[in-house]
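Participant: Sharing a structure, written as structure tokens. Questions coming.
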Amino acid sequence: MREKATTLYIGPQHPGITGNMMVKVQVEGDTIVKARTEVGYLHRAFEKLQESRNWLQSFTLLCRFCVPEPDPVEESYARAVELLEGREVPERAKYIRVLMLELARMASYMLWYGGQNGSLGLYTMGQWSVGDRNYILDLFEELTGGRVYHMYIWPGGVRRDLPDGFADKVLRTMDYLEKRLKDYDDLMFENTIFQKRTQGVGIISKEKAVEWGVVGPVLRGCGIKSDIRIDDPYEVYDKLDFIVPTQEGGDIWARALVRRQEIRQSIRIIRQVIEKMPSGEFYNRIPNPHKWTLPKGDAYARTEATRGEVGMYIVSDGSTHPRRTHFRGAAYVHGITLLEDLLIGENVADISAIMNSLGTCPPEIER
Amino acid sequence: MKELKESIIKRIKANFADAVERNDFKDNRLDFSVKKETIPAILFYLKDEMGFVHLSDVNCVDWLEDGELEVVFIVWSPADKIKVFVRTRLDRDNAVMDNLDMIWRQMNTYERELREMFGVQFTGLEAPEEFILEDWQGPPPFRRDFDSAAYAEKTFWHRPGREDAQDVRESIADRDGEEIPDFAKKYSR
């Protein structure tokens with residue numbers, strides 16, 4: 001006998017949802033038969049607002065596109081502006097940018113540790129990792145003045161140079177976090193509950209991953225080696241030695257393993273950056289922002305964030321303000337068409353775990 | 001890279017006579033402008049025949065003074081490490097083009113947003129009418145002639161209580177009959 005389908009509304013206010021978004025699901029028993037992502041709770045028309053701001057004033061908006069990891073958005077916008085204008089960036093600034101991006105990657109993954117485990121009812125992990133994330137936020141605060149939003153990477157370089165003794169602090173923090181990762185493994189990856197709830201759940205096949213536009217750790221969890229830092233290198237990633245981890249399986253477990261390895265690679269990159277960073281200028285000064293015009297044309301810069309490819313498309317008509325800006329977020333693809341398809345046939349209790357594993361970030365979808 | 005770019009241009013020009021290329025970019029970028037009727041065919045060709053399997057971005061630019069909307073597709077080839085921009089212009093008053101979500105499934109979301117925000121209609125698009133906006137009756141809000149500030153002034157109201165620009169510390173001191181200490185006065189307005 002066919003069971004009666006029931007409609008459930010997961011969100012827009014729900015502890016398992018990664019922001020203000022709703023997944024409307026139809027379930028038969030515990031099994032999802034239909035899912036639809038509903039957005040519209042967060043739209044702030046950032047792209048339209050940017051049209052009434054000059055090229056520099058957008059930065060207060062940019063870092064709010066995706067709260068857990070604002071730096072890749074700033075970097076992609078700054079680089080798109082530089083591409084369009086042909087502005088050179090000092091070598092030291094490029095290294096500092098990579099340092100920022102990798103610290104941001106680690107901070108974002110530490111938040112993900114909490115979210116992914118929290119979605120399965122394992123709350124200790126979040127308390128540990130979010131607590132440790134604060135040490136990275138301390139570094140951000142010392143360098144930029146802000147813990148979460150930085151507005152530090154801007155066209156022409158970065159806003160200020162590293163303070164005295166900052167590099168040592170970064171290295172000490174890395175040593176500490178590296179030791180802590182062993183504890184995380186014991187608590188998370190050795191945990192039978194985590195293993196049982198993630199292995200074989202939310203599977204994406206290799207073919208589907210390519211066909212549906214999957215990016216970032218989710219794609220690498222399907223066994224496909226793809227990383228913008230290697231494929232379309234920016235800043236100084238081509239001068240650094242690191243590997244792009246992949247895993248077979250395409251389930252939540254595989255995606256978690258990819259992220260676990262990527263944190264270690266970030267530590268490796270940060271140590272190299274500190275070692276290789278040249279001295280010199282950190283900022284190629286832009287003209288008075290109120291009179292600063294960019295040449296006519298367009299540019300698109302993309303950055304590898306923890307969720308995958310984020311990109312900024314900007315169009316200039318030769319004036320002091322953008323003609324149009326458009327932000328491409330990974331969640332735009334992962335959180336709607338992919339999520340809707342992936343949930344079919346899954347258990348209703350796994351919605352939140354699947355969503356977290358895809359790195360869904362609702363403010364990135366609506367902007 | 002230069003030879004690769006030229007061979008791509010050659011193949012595209014051989015198959016799509018209306019394609020106008022730009023090849024003056026220093027990085028790994030190519031740019032083609034085509035008529036809107038050619039868009040499905042060129043995107044299919046790029047994806048299936050030339051390895052541009054990844055759809056990086058789709059967006060729209062309103063050229064109000066020309067009376068046109070420009071839709072830009074950015075595709076990426078993981079094998080050749082090249083990105084190609086494909087662009088087409090639509091009449092602003094009759095912005096209609098073919099649905100493309102059979103080429104990339106995620107195109108469905110981009111089309112929904114362009115339909116709502118720019119008023120670009122995609123013939124054959126199957127998706128709920130509303131995406132981000134709810135019960136929206138006005139013109140497509142991301143077009144250049146939509147004045148967001150004027151709309152906000154007309155639709156919403158200012159919250160009262162801020163007109164007097166009173167300093168909070170001073171207000172409390174007045175209310176309670178207290179004296180603001182000297183060290184705190186410098187922070188008051």
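We name chains A, B, ... following the order of the structure tokens; residues begin at 1 in each chain, and ligands are numbered from 1 as shown.
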When the cut-off is 6 Å and we count only C-alpha atoms, which residues of chain B are near chain A, given as a ChimeraX atom specification?
Facilitator: /B:105-106,132
Participant: Excluding range 272-282 of chain A and residues on its chain fewer than 3 positions from it, collect all residues at most 7 Å away from it, counting only C-alpha atoms, and give them as a list in words.
Facilitator: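 Residues meeting the cut-off are Pro90, Arg92, Ala93, Tyr95, Leu99, Gly157, Val158, Asp161, Ala167, Leu240, Arg268 and Ile269 of chain A.
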Participant: Take the residues from that selection and put them in a file with C-alpha atoms, as a PDB file, in the first residue's frame.
Facilitator:
ATOM      1  CA  PRO A  90      53.032  44.262  -5.537  1.00  0.00           C
ATOM      2  CA  ARG A  92      54.277  41.126  -1.190  1.00  0.00           C
ATOM      3  CA  ALA A  93      50.572  41.983  -1.355  1.00  0.00           C
ATOM      4  CA  TYR A  95      51.543  36.721  -0.631  1.00  0.00           C
ATOM      5  CA  LEU A  99      47.792  34.191   3.693  1.00  0.00           C
ATOM      6  CA  GLY A 157      47.006  45.243  -2.851  1.00  0.00           C
ATOM      7  CA  VAL A 158      46.026  45.067   0.794  1.00  0.00           C
ATOM      8  CA  ASP A 161      51.210  45.638   6.051  1.00  0.00           C
ATOM      9  CA  ALA A 167      54.232  36.128  11.196  1.00  0.00           C
ATOM     10  CA  LEU A 240      53.479  27.278  -3.794  1.00  0.00           C
ATOM     11  CA  ARG A 268      51.238  23.857   4.552  1.00  0.00           C
ATOM     12  CA  ILE A 269      50.507  26.813   2.266  1.00  0.00           C
TER      13      ILE A 269
END
Participant: Mind listing the alpha helix (DSSP H) residues of range 147-301 of chain A, per DSSP on the backbone, as a PyMOL selection string?
Facilitator: chain A and resi 166-184+192-198+206-211+216-220+228-231+252-276
Participant: Excluding Thr293 in chain A and its own-chain neighbours fewer than 4 positions away, which residues fall within 7 Å of it when counting only C-alpha atoms? Please give them as a ChimeraX atom specification.
Facilitator: /A:318-320
Participant: To one decimal place, how far is CA of Gly115 in chain A from CA of Gln247 in chain A in Å?
Facilitator: 20.9 Å
Participant: Residues of range 147-218 of chain A in strand (DSSP E or B) according to DSSP, as a list of chain:residue names?
Facilitator: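 Those residues are A:Ile153, A:Trp154, A:Gly157, A:Val158.
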Participant: Okay, now the selection with C-alpha atoms, as a CSV table (one decimal), in the first residue's frame?
Facilitator:
chain,number,residue,atom,x,y,z
A,153,ILE,CA,42.0,42.9,0.3
A,154,TRP,CA,41.3,45.8,-2.0
A,157,GLY,CA,47.0,45.2,-2.9
A,158,VAL,CA,46.0,45.1,0.8
Participant: Quick one: residues within 8 Å of Glu82 in chain A, only C-alpha atoms, excluding same-chain residues fewer than 4 positions away - as a PyMOL selection string?
Facilitator: chain A and resi 78+86-88+155-156
Participant: For C-alpha atoms, I'd like the residues from the last selection saved as a compact mmCIF listing (two decimals), in the first residue's frame.
Facilitator:
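So the final result, stored in result16.txt, reads:
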# COMPACT_ATOMS: atom_id res chain seq x y z
CA ALA A 78 39.60 43.33 -6.22
CA GLY A 86 45.46 46.65 -15.76
CA ARG A 87 46.67 47.62 -12.29
CA GLU A 88 49.77 45.83 -11.03
CA PRO A 155 42.27 46.93 -5.52
CA GLY A 156 46.01 47.49 -5.75
Participant: Which residues come within 12 Å of range 8-11 of chain A, counting only C-alpha atoms, excluding same-chain residues fewer than 3 positions away, as a ChimeraX atom specification?
Facilitator: /A:5,14-41,348-352,355,362
Participant: Smallest atom-to-atom distance to Arg259 in chain A: which of A:Gly145, A:Gly335, A:Pro163, A:Gly359, using only C-alpha atoms?
Facilitator: A:Gly359
Participant: Mind giving me the straight-line distance from CA of Val86 in chain B to CA of Arg29 in chain B in Å, one decimal?
Facilitator: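 About the pair CA of Val86 in chain B and CA of Arg29 in chain B: they are 11.0 Å apart.
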Participant: Using only C-alpha atoms, which protein or nucleic acid residues come within 9 Å of Leu358 in chain A? Drop anything in the same chain fewer than 5 positions from it, and give the result as a list in words.
Facilitator: Pro217, Val218, Ile252, Arg255, Arg307, Ala331, His334, Gly335, Leu339 and Ala353 of chain A
Participant: Next, the residues of the selection above should be written as a short mmCIF file (atom, residue, chain, number, x, y, z; two decimals), in the first residue's frame with N, CA and C atoms.
Facilitator:
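Once everything was written out, this is part-v8.cif:
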data_model
loop_
_atom_site.label_atom_id
_atom_site.label_comp_id
_atom_site.auth_asym_id
_atom_site.auth_seq_id
_atom_site.Cartn_x
_atom_site.Cartn_y
_atom_site.Cartn_z
N PRO A 217 35.06 21.28 -2.94
CA PRO A 217 35.28 20.01 -2.23
C PRO A 217 34.23 18.97 -2.59
N VAL A 218 33.04 19.41 -2.97
CA VAL A 218 31.98 18.47 -3.33
C VAL A 218 32.38 17.71 -4.61
N ILE A 252 28.66 12.06 1.76
CA ILE A 252 29.02 13.07 2.76
C ILE A 252 30.38 12.75 3.37
N ARG A 255 33.21 13.84 1.12
CA ARG A 255 33.36 15.31 1.14
C ARG A 255 34.02 15.77 2.44
N ARG A 307 33.50 26.60 -0.42
CA ARG A 307 32.30 26.03 -1.02
C ARG A 307 32.50 25.68 -2.48
N ALA A 331 27.03 28.11 -3.88
CA ALA A 331 25.75 27.67 -3.35
C ALA A 331 24.61 27.89 -4.33
N HIS A 334 24.75 24.54 -5.94
CA HIS A 334 24.59 23.43 -5.00
C HIS A 334 23.27 23.47 -4.25
N GLY A 335 22.83 24.66 -3.90
CA GLY A 335 21.70 24.78 -2.98
C GLY A 335 20.33 24.69 -3.63
N LEU A 339 20.62 20.27 -4.81
CA LEU A 339 20.02 19.84 -3.54
C LEU A 339 18.64 19.23 -3.78
N ALA A 353 22.24 17.26 7.17
CA ALA A 353 23.61 16.75 6.96
C ALA A 353 24.02 16.92 5.49
#
Participant: Mind pulling up the distance from CA of Ala305 in chain A to CA of Tyr109 in chain A?
Facilitator: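 One can read the CA of Tyr109 in chain A to CA of Ala305 in chain A distance as 10.3 Å.
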Participant: Between B:Leu64, B:Met97, B:Thr155, B:Phe85, single out the one closest to Phe122 in chain B, counting only C-alpha atoms.
Facilitator: B:Met97
Participant: List the neighbours of range 187-195 of chain A out to 12 Å using only C-alpha atoms; skip same-chain residues closer than 3 positions along the sequence, and give me the result as a count of residues only.
Facilitator: 35
